[in-house]
Each structure stands twice: as structure tokens, then as C-alpha cells.
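The next block is entry.cif, given as mmCIF, C-alpha atoms, pLDDT in the B column; chains and numbers go by the auth columns.
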```
data_start
loop_
_atom_site.group_PDB
_atom_site.id
_atom_site.type_symbol
_atom_site.label_atom_id
_atom_site.label_comp_id
_atom_site.label_asym_id
_atom_site.label_seq_id
_atom_site.Cartn_x
_atom_site.Cartn_y
_atom_site.Cartn_z
_atom_site.B_iso_or_equiv
_atom_site.auth_seq_id
_atom_site.auth_asym_id
ATOM 1 C CA MET A 1 78.566 116.904 106.356 62.00 1 R
ATOM 2 C CA THR A 2 75.232 118.291 105.251 68.00 2 R
ATOM 3 C CA ALA A 3 74.270 120.183 102.151 60.00 3 R
ATOM 4 C CA ARG A 4 74.003 123.927 102.467 68.00 4 R
ATOM 5 C CA THR A 5 70.621 125.195 101.449 64.00 5 R
ATOM 6 C CA THR A 6 71.727 128.079 99.248 75.00 6 R
ATOM 7 C CA ARG A 7 70.063 127.458 95.888 82.00 7 R
ATOM 8 C CA LEU A 8 71.480 128.720 92.633 86.00 8 R
ATOM 9 C CA ASP A 9 69.543 131.522 91.024 88.00 9 R
ATOM 10 C CA ALA A 10 67.579 130.127 88.068 90.00 10 R
ATOM 11 C CA GLY A 11 69.199 132.633 85.711 94.00 11 R
ATOM 12 C CA VAL A 12 72.695 131.628 86.800 93.00 12 R
ATOM 13 C CA ARG A 13 71.841 127.936 86.507 93.00 13 R
ATOM 14 C CA SER A 14 70.369 128.479 83.041 95.00 14 R
ATOM 15 C CA ALA A 15 73.363 130.507 81.851 96.00 15 R
ATOM 16 C CA MET A 16 75.838 127.910 83.143 96.00 16 R
ATOM 17 C CA ARG A 17 73.912 125.105 81.455 96.00 17 R
ATOM 18 C CA ALA A 18 73.799 127.021 78.177 98.00 18 R
ATOM 19 C CA LEU A 19 77.539 127.746 78.303 97.00 19 R
ATOM 20 C CA SER A 20 78.292 124.114 79.077 97.00 20 R
ATOM 21 C CA ALA A 21 76.094 122.883 76.216 97.00 21 R
ATOM 22 C CA ALA A 22 77.637 125.344 73.733 98.00 22 R
ATOM 23 C CA ALA A 23 81.173 124.378 74.757 98.00 23 R
ATOM 24 C CA LYS A 24 80.466 120.649 74.417 97.00 24 R
ATOM 25 C CA ARG A 25 78.649 121.103 71.119 97.00 25 R
ATOM 26 C CA GLY A 26 81.549 123.144 69.727 97.00 26 R
ATOM 27 C CA LEU A 27 84.096 120.557 70.828 97.00 27 R
ATOM 28 C CA GLY A 28 82.137 117.967 68.871 96.00 28 R
ATOM 29 C CA ASP A 29 83.298 114.948 70.866 98.00 29 R
ATOM 30 C CA PRO A 30 80.832 114.042 73.646 98.00 30 R
ATOM 31 C CA ALA A 31 82.968 111.210 75.042 98.00 31 R
ATOM 32 C CA LEU A 32 86.050 113.412 75.319 98.00 32 R
ATOM 33 C CA ALA A 33 84.006 116.200 76.908 98.00 33 R
ATOM 34 C CA GLU A 34 82.866 113.749 79.567 98.00 34 R
ATOM 35 C CA LEU A 35 86.380 112.425 80.205 98.00 35 R
ATOM 36 C CA VAL A 36 87.497 116.008 80.785 98.00 36 R
ATOM 37 C CA GLN A 37 84.566 116.753 83.077 98.00 37 R
ATOM 38 C CA VAL A 38 85.063 113.582 85.098 98.00 38 R
ATOM 39 C CA ARG A 39 88.774 114.289 85.507 98.00 39 R
ATOM 40 C CA ALA A 40 88.226 117.893 86.624 98.00 40 R
ATOM 41 C CA SER A 41 85.539 116.719 89.038 98.00 41 R
ATOM 42 C CA GLN A 42 87.946 114.151 90.484 98.00 42 R
ATOM 43 C CA LEU A 43 90.599 116.805 91.004 98.00 43 R
ATOM 44 C CA ASN A 44 88.103 119.200 92.584 97.00 44 R
ATOM 45 C CA ARG A 45 86.555 116.457 94.735 97.00 45 R
ATOM 46 C CA CYS A 46 83.057 117.265 93.522 98.00 46 R
ATOM 47 C CA ALA A 47 80.966 114.202 94.315 97.00 47 R
ATOM 48 C CA PHE A 48 77.818 115.639 92.718 97.00 48 R
ATOM 49 C CA CYS A 49 79.499 116.414 89.378 98.00 49 R
ATOM 50 C CA LEU A 50 81.560 113.234 89.410 98.00 50 R
ATOM 51 C CA ASP A 51 78.471 111.087 89.929 98.00 51 R
ATOM 52 C CA MET A 52 76.550 112.883 87.192 97.00 52 R
ATOM 53 C CA HIS A 53 79.366 112.932 84.633 98.00 53 R
ATOM 54 C CA LEU A 54 80.306 109.305 85.193 98.00 54 R
ATOM 55 C CA ALA A 55 76.763 108.365 84.202 98.00 55 R
ATOM 56 C CA ILE A 56 76.799 110.678 81.174 98.00 56 R
ATOM 57 C CA ALA A 57 80.258 109.386 80.173 98.00 57 R
ATOM 58 C CA ARG A 58 78.927 105.839 80.094 98.00 58 R
ATOM 59 C CA GLU A 59 75.947 106.974 78.008 98.00 59 R
ATOM 60 C CA SER A 60 78.394 108.737 75.658 97.00 60 R
ATOM 61 C CA GLY A 61 80.315 105.515 75.063 97.00 61 R
ATOM 62 C CA VAL A 62 83.253 105.941 77.427 98.00 62 R
ATOM 63 C CA GLY A 63 84.293 102.471 78.551 98.00 63 R
ATOM 64 C CA GLU A 64 84.722 101.224 82.089 98.00 64 R
ATOM 65 C CA ARG A 65 88.441 100.674 81.568 98.00 65 R
ATOM 66 C CA GLN A 66 88.992 104.339 80.736 98.00 66 R
ATOM 67 C CA LEU A 67 86.779 105.494 83.584 98.00 67 R
ATOM 68 C CA GLY A 68 88.542 103.212 86.027 98.00 68 R
ATOM 69 C CA LEU A 69 92.001 104.393 84.989 98.00 69 R
ATOM 70 C CA LEU A 70 91.202 108.062 84.479 98.00 70 R
ATOM 71 C CA ALA A 71 92.749 109.167 87.768 97.00 71 R
ATOM 72 C CA VAL A 72 96.048 107.632 86.619 98.00 72 R
ATOM 73 C CA TRP A 73 95.768 108.379 82.904 98.00 73 R
ATOM 74 C CA GLU A 74 99.459 109.260 82.570 97.00 74 R
ATOM 75 C CA GLU A 75 100.419 105.759 83.723 97.00 75 R
ATOM 76 C CA ALA A 76 97.692 103.905 81.834 98.00 76 R
ATOM 77 C CA GLY A 77 99.654 103.011 78.711 94.00 77 R
ATOM 78 C CA ASP A 78 97.574 102.903 75.554 96.00 78 R
ATOM 79 C CA VAL A 79 94.223 103.116 77.365 98.00 79 R
ATOM 80 C CA PHE A 80 94.074 106.774 76.292 98.00 80 R
ATOM 81 C CA ASP A 81 95.122 107.970 72.845 98.00 81 R
ATOM 82 C CA GLU A 82 97.373 110.998 72.307 98.00 82 R
ATOM 83 C CA ARG A 83 94.440 113.361 71.725 98.00 83 R
ATOM 84 C CA GLU A 84 92.787 112.273 74.970 98.00 84 R
ATOM 85 C CA ARG A 85 96.096 112.570 76.826 98.00 85 R
ATOM 86 C CA ALA A 86 96.598 116.100 75.512 98.00 86 R
ATOM 87 C CA ALA A 87 93.076 117.061 76.607 98.00 87 R
ATOM 88 C CA LEU A 88 93.560 115.503 80.048 98.00 88 R
ATOM 89 C CA ALA A 89 96.911 117.252 80.524 98.00 89 R
ATOM 90 C CA LEU A 90 95.269 120.564 79.645 98.00 90 R
ATOM 91 C CA THR A 91 92.384 119.770 82.006 98.00 91 R
ATOM 92 C CA GLU A 92 94.776 119.199 84.885 97.00 92 R
ATOM 93 C CA ALA A 93 96.823 122.307 84.104 97.00 93 R
ATOM 94 C CA VAL A 94 93.739 124.553 83.929 97.00 94 R
ATOM 95 C CA THR A 95 92.073 122.946 86.959 97.00 95 R
ATOM 96 C CA VAL A 96 95.038 122.936 89.302 95.00 96 R
ATOM 97 C CA LEU A 97 97.050 125.957 88.053 89.00 97 R
ATOM 98 C CA THR A 98 99.954 124.781 90.208 77.00 98 R
ATOM 99 C CA ASP A 99 102.362 127.330 88.772 76.00 99 R
ATOM 100 C CA GLY A 100 99.727 130.040 88.424 85.00 100 R
ATOM 101 C CA PHE A 101 99.537 129.499 84.675 92.00 101 R
ATOM 102 C CA VAL A 102 99.118 126.783 82.059 95.00 102 R
ATOM 103 C CA PRO A 103 102.589 125.705 80.896 95.00 103 R
ATOM 104 C CA ASP A 104 103.339 126.437 77.235 96.00 104 R
ATOM 105 C CA GLU A 105 104.221 122.813 76.528 97.00 105 R
ATOM 106 C CA VAL A 106 100.843 121.609 77.824 97.00 106 R
ATOM 107 C CA TYR A 107 98.993 124.171 75.722 97.00 107 R
ATOM 108 C CA GLN A 108 101.070 123.385 72.618 98.00 108 R
ATOM 109 C CA ARG A 109 100.510 119.655 73.126 98.00 109 R
ATOM 110 C CA ALA A 110 96.768 120.245 73.013 98.00 110 R
ATOM 111 C CA ALA A 111 97.092 122.605 70.044 98.00 111 R
ATOM 112 C CA LYS A 112 98.630 119.750 68.029 98.00 112 R
ATOM 113 C CA HIS A 113 95.445 117.684 68.389 98.00 113 R
ATOM 114 C CA PHE A 114 92.716 120.331 68.229 98.00 114 R
ATOM 115 C CA ASP A 115 92.136 123.069 65.701 97.00 115 R
ATOM 116 C CA GLU A 116 91.747 126.614 67.022 97.00 116 R
ATOM 117 C CA ARG A 117 87.959 126.387 67.348 97.00 117 R
ATOM 118 C CA GLN A 118 88.045 122.985 69.049 98.00 118 R
ATOM 119 C CA LEU A 119 90.758 124.133 71.444 98.00 119 R
ATOM 120 C CA ALA A 120 88.695 127.171 72.415 98.00 120 R
ATOM 121 C CA HIS A 121 85.708 124.908 73.083 98.00 121 R
ATOM 122 C CA LEU A 122 87.840 122.419 75.027 98.00 122 R
ATOM 123 C CA LEU A 123 89.065 125.259 77.239 98.00 123 R
ATOM 124 C CA ALA A 124 85.455 126.348 77.705 98.00 124 R
ATOM 125 C CA VAL A 125 84.394 122.803 78.720 98.00 125 R
ATOM 126 C CA ILE A 126 87.217 122.716 81.273 98.00 126 R
ATOM 127 C CA THR A 127 86.409 126.178 82.598 98.00 127 R
ATOM 128 C CA VAL A 128 82.679 125.546 82.940 98.00 128 R
ATOM 129 C CA ILE A 129 83.074 122.232 84.781 98.00 129 R
ATOM 130 C CA ASN A 130 85.484 123.926 87.169 98.00 130 R
ATOM 131 C CA GLY A 131 82.820 126.557 87.815 97.00 131 R
ATOM 132 C CA TRP A 132 80.174 123.908 88.413 97.00 132 R
ATOM 133 C CA ASN A 133 82.549 121.972 90.693 97.00 133 R
ATOM 134 C CA ARG A 134 83.174 125.013 92.822 96.00 134 R
ATOM 135 C CA LEU A 135 79.499 125.884 93.043 95.00 135 R
ATOM 136 C CA MET A 136 78.567 122.374 94.132 95.00 136 R
ATOM 137 C CA VAL A 137 81.512 121.780 96.494 95.00 137 R
ATOM 138 C CA ALA A 138 81.042 125.143 98.224 94.00 138 R
ATOM 139 C CA ARG A 139 77.423 124.244 98.933 93.00 139 R
ATOM 140 C CA ARG A 140 78.179 120.579 99.683 93.00 140 R
ATOM 141 C CA ILE A 141 75.615 119.275 97.209 93.00 141 R
ATOM 142 C CA PRO A 142 75.555 115.454 97.521 93.00 142 R
ATOM 143 C CA PRO A 143 75.491 113.035 94.592 95.00 143 R
ATOM 144 C CA GLY A 144 72.058 112.626 93.043 92.00 144 R
ATOM 145 C CA SER A 145 70.620 115.702 94.725 90.00 145 R
ATOM 146 C CA THR A 146 67.806 117.503 92.955 84.00 146 R
ATOM 147 C CA GLU A 147 67.970 120.413 95.426 76.00 147 R
ATOM 148 C CA TRP A 148 70.557 122.643 93.867 76.00 148 R
#
```
Just give me the structure as C-alpha cells.
Amino acid sequence: MTARTTRLDAGVRSAMRALSAAAKRGLGDPALAELVQVRASQLNRCAFCLDMHLAIARESGVGERQLGLLAVWEEAGDVFDERERAALALTEAVTVLTDGFVPDEVYQRAAKHFDERQLAHLLAVITVINGWNRLMVARRIPPGSTEW
């Protein structure tokens, strides 16, 4: 499998980066933002984003135990706290949209742990990483690539 040479327009790339930065800044929890982005990237099978966000997660203080168990967070016992679990459940619901919508109980679970502003920013973090994942997967951008 080779990368497709379609490059992102600089304006699109800049706008996506700005939206991502604003969403993460508004959430106010860099480690949680990275957990969410790693999990969405796992679900979307985006090697480029997964590679990048694993590195950033480590820099943001996310431990190896959490990173190693992220794919099975629901079965990981107390490795993830309730706030992280709520964010990860929302990430999966928004990313996969199995039923065509985010279930009320998943949304309400997150709303218990995030105020209205934080929840809006969390949803934005999830939405933006899904956009990035799709852009990179569609063009088959490999991990570590600088040609995107």
C-alpha cells in the first residue's frame, strides 16, 4: 500500500489545525484530549494519527499502562477513572455511530463529568480527530510522513 500523493490545501490544513488547537485548549485537559484522539485513531485505523498522538500523549503525561490498555478500556478496571471512561465512551459513540446517533445514556454519562463548555470542546476534539483520521486514511498517509 502506497501513499496517495494528494496534498491537503494549506488553508484546509491550517483551519483544521486551528480548530483542533481551540478544541483542546477549551477542554483544558491535554492528557484526556490525547487519550480521546488515540482511541478514535485506533477505531479509524489511522496509523499516521495514531503514531503522532501516541507520542504527544506520552509528552502530555499519559502513562504506558493507560496507552497499552486503551483499546480495552471498558475491561481495564481502575486504570481509567470515571471521567476518562465517560470521555472514551463518548469518543466511541461519536466515532462509530453504530446506531446512527449517540445514545442518550452515553451523552448523559459524559455530561455528568464535564460542564457544558468542556463537553462542547470534548465533542469538538472528537469530531476534529475523526476528520483528520479520514483525511489521512483516505490518502494512505504512513506514520511519520511529512508529505501530507
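Minimum distance to Leu54 in chain R across R:Ala40, R:Thr6, R:Leu35, R:Ala124 (counting all atoms listed in the file) occurs at R:Leu35.
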Å distance separating CA of Pro142 in chain R from CA of Gln42 in chain R, one decimal place: 14.3 Å
Test item: which residues lie within 9 Å of (78.3, 127.8, 87.8) counting all atoms listed in the file, as a ChimeraX atom specification: /R:8,12-13,15-17,128-136
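Candidate residues R:Val38, R:Ala93, R:Ala18, R:Leu32 were compared for distance to Asp81 in chain R, and the nearest is R:Leu32, using only C-alpha atoms.
Distances from R:Ile56, R:Ala87, R:Leu43, R:Ala76 to His121 in chain R were compared using all atoms listed in the file, and the smallest one belongs to R:Ala87.
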Expansion of the PyMOL selection byres ((chain R and resi 66) around 12) into residues, as a PyMOL selection string: chain R and resi 31-32+34-36+38-39+54+57-58+61-65+67-81+84-85
Based on the selection just made, write C-alpha atoms of those residues as a short mmCIF file (atom, residue, chain, number, x, y, z; two decimals), in the coordinates of the input.
```cif
data_model
loop_
_atom_site.label_atom_id
_atom_site.label_comp_id
_atom_site.auth_asym_id
_atom_site.auth_seq_id
_atom_site.Cartn_x
_atom_site.Cartn_y
_atom_site.Cartn_z
CA ALA R 31 82.97 111.21 75.04
CA LEU R 32 86.05 113.41 75.32
CA GLU R 34 82.87 113.75 79.57
CA LEU R 35 86.38 112.42 80.20
CA VAL R 36 87.50 116.01 80.78
CA VAL R 38 85.06 113.58 85.10
CA ARG R 39 88.77 114.29 85.51
CA LEU R 54 80.31 109.30 85.19
CA ALA R 57 80.26 109.39 80.17
CA ARG R 58 78.93 105.84 80.09
CA GLY R 61 80.32 105.52 75.06
CA VAL R 62 83.25 105.94 77.43
CA GLY R 63 84.29 102.47 78.55
CA GLU R 64 84.72 101.22 82.09
CA ARG R 65 88.44 100.67 81.57
CA LEU R 67 86.78 105.49 83.58
CA GLY R 68 88.54 103.21 86.03
CA LEU R 69 92.00 104.39 84.99
CA LEU R 70 91.20 108.06 84.48
CA ALA R 71 92.75 109.17 87.77
CA VAL R 72 96.05 107.63 86.62
CA TRP R 73 95.77 108.38 82.90
CA GLU R 74 99.46 109.26 82.57
CA GLU R 75 100.42 105.76 83.72
CA ALA R 76 97.69 103.90 81.83
CA GLY R 77 99.65 103.01 78.71
CA ASP R 78 97.57 102.90 75.55
CA VAL R 79 94.22 103.12 77.36
CA PHE R 80 94.07 106.77 76.29
CA ASP R 81 95.12 107.97 72.84
CA GLU R 84 92.79 112.27 74.97
CA ARG R 85 96.10 112.57 76.83
#
```
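CA of Ala110 in chain R is found 7.4 Å from CA of Arg83 in chain R.
Restricting the calculation to only C-alpha atoms, the smallest distance between Pro103 in chain R and any of R:Ala21, R:Leu90, R:Asp115, R:Leu122 is found for R:Leu90.
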Contacts of Arg109 in chain R within 9 Å, all atoms listed in the file, excl. fewer than 3 positions in-chain, as number ranges by chain: R: 83, 86-87, 89-90, 104-106, 112-113
Nearest to Ala33 in chain R, chosen from R:Ser14, R:Ser20, R:Thr98, R:Gln108, with only C-alpha atoms counted in the distances: R:Ser20
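Take the candidates R:Leu19, R:Phe48, R:Ala10, R:Gly28 and check each one against Thr146 in chain R using all atoms listed in the file; the shortest distance goes to R:Phe48.
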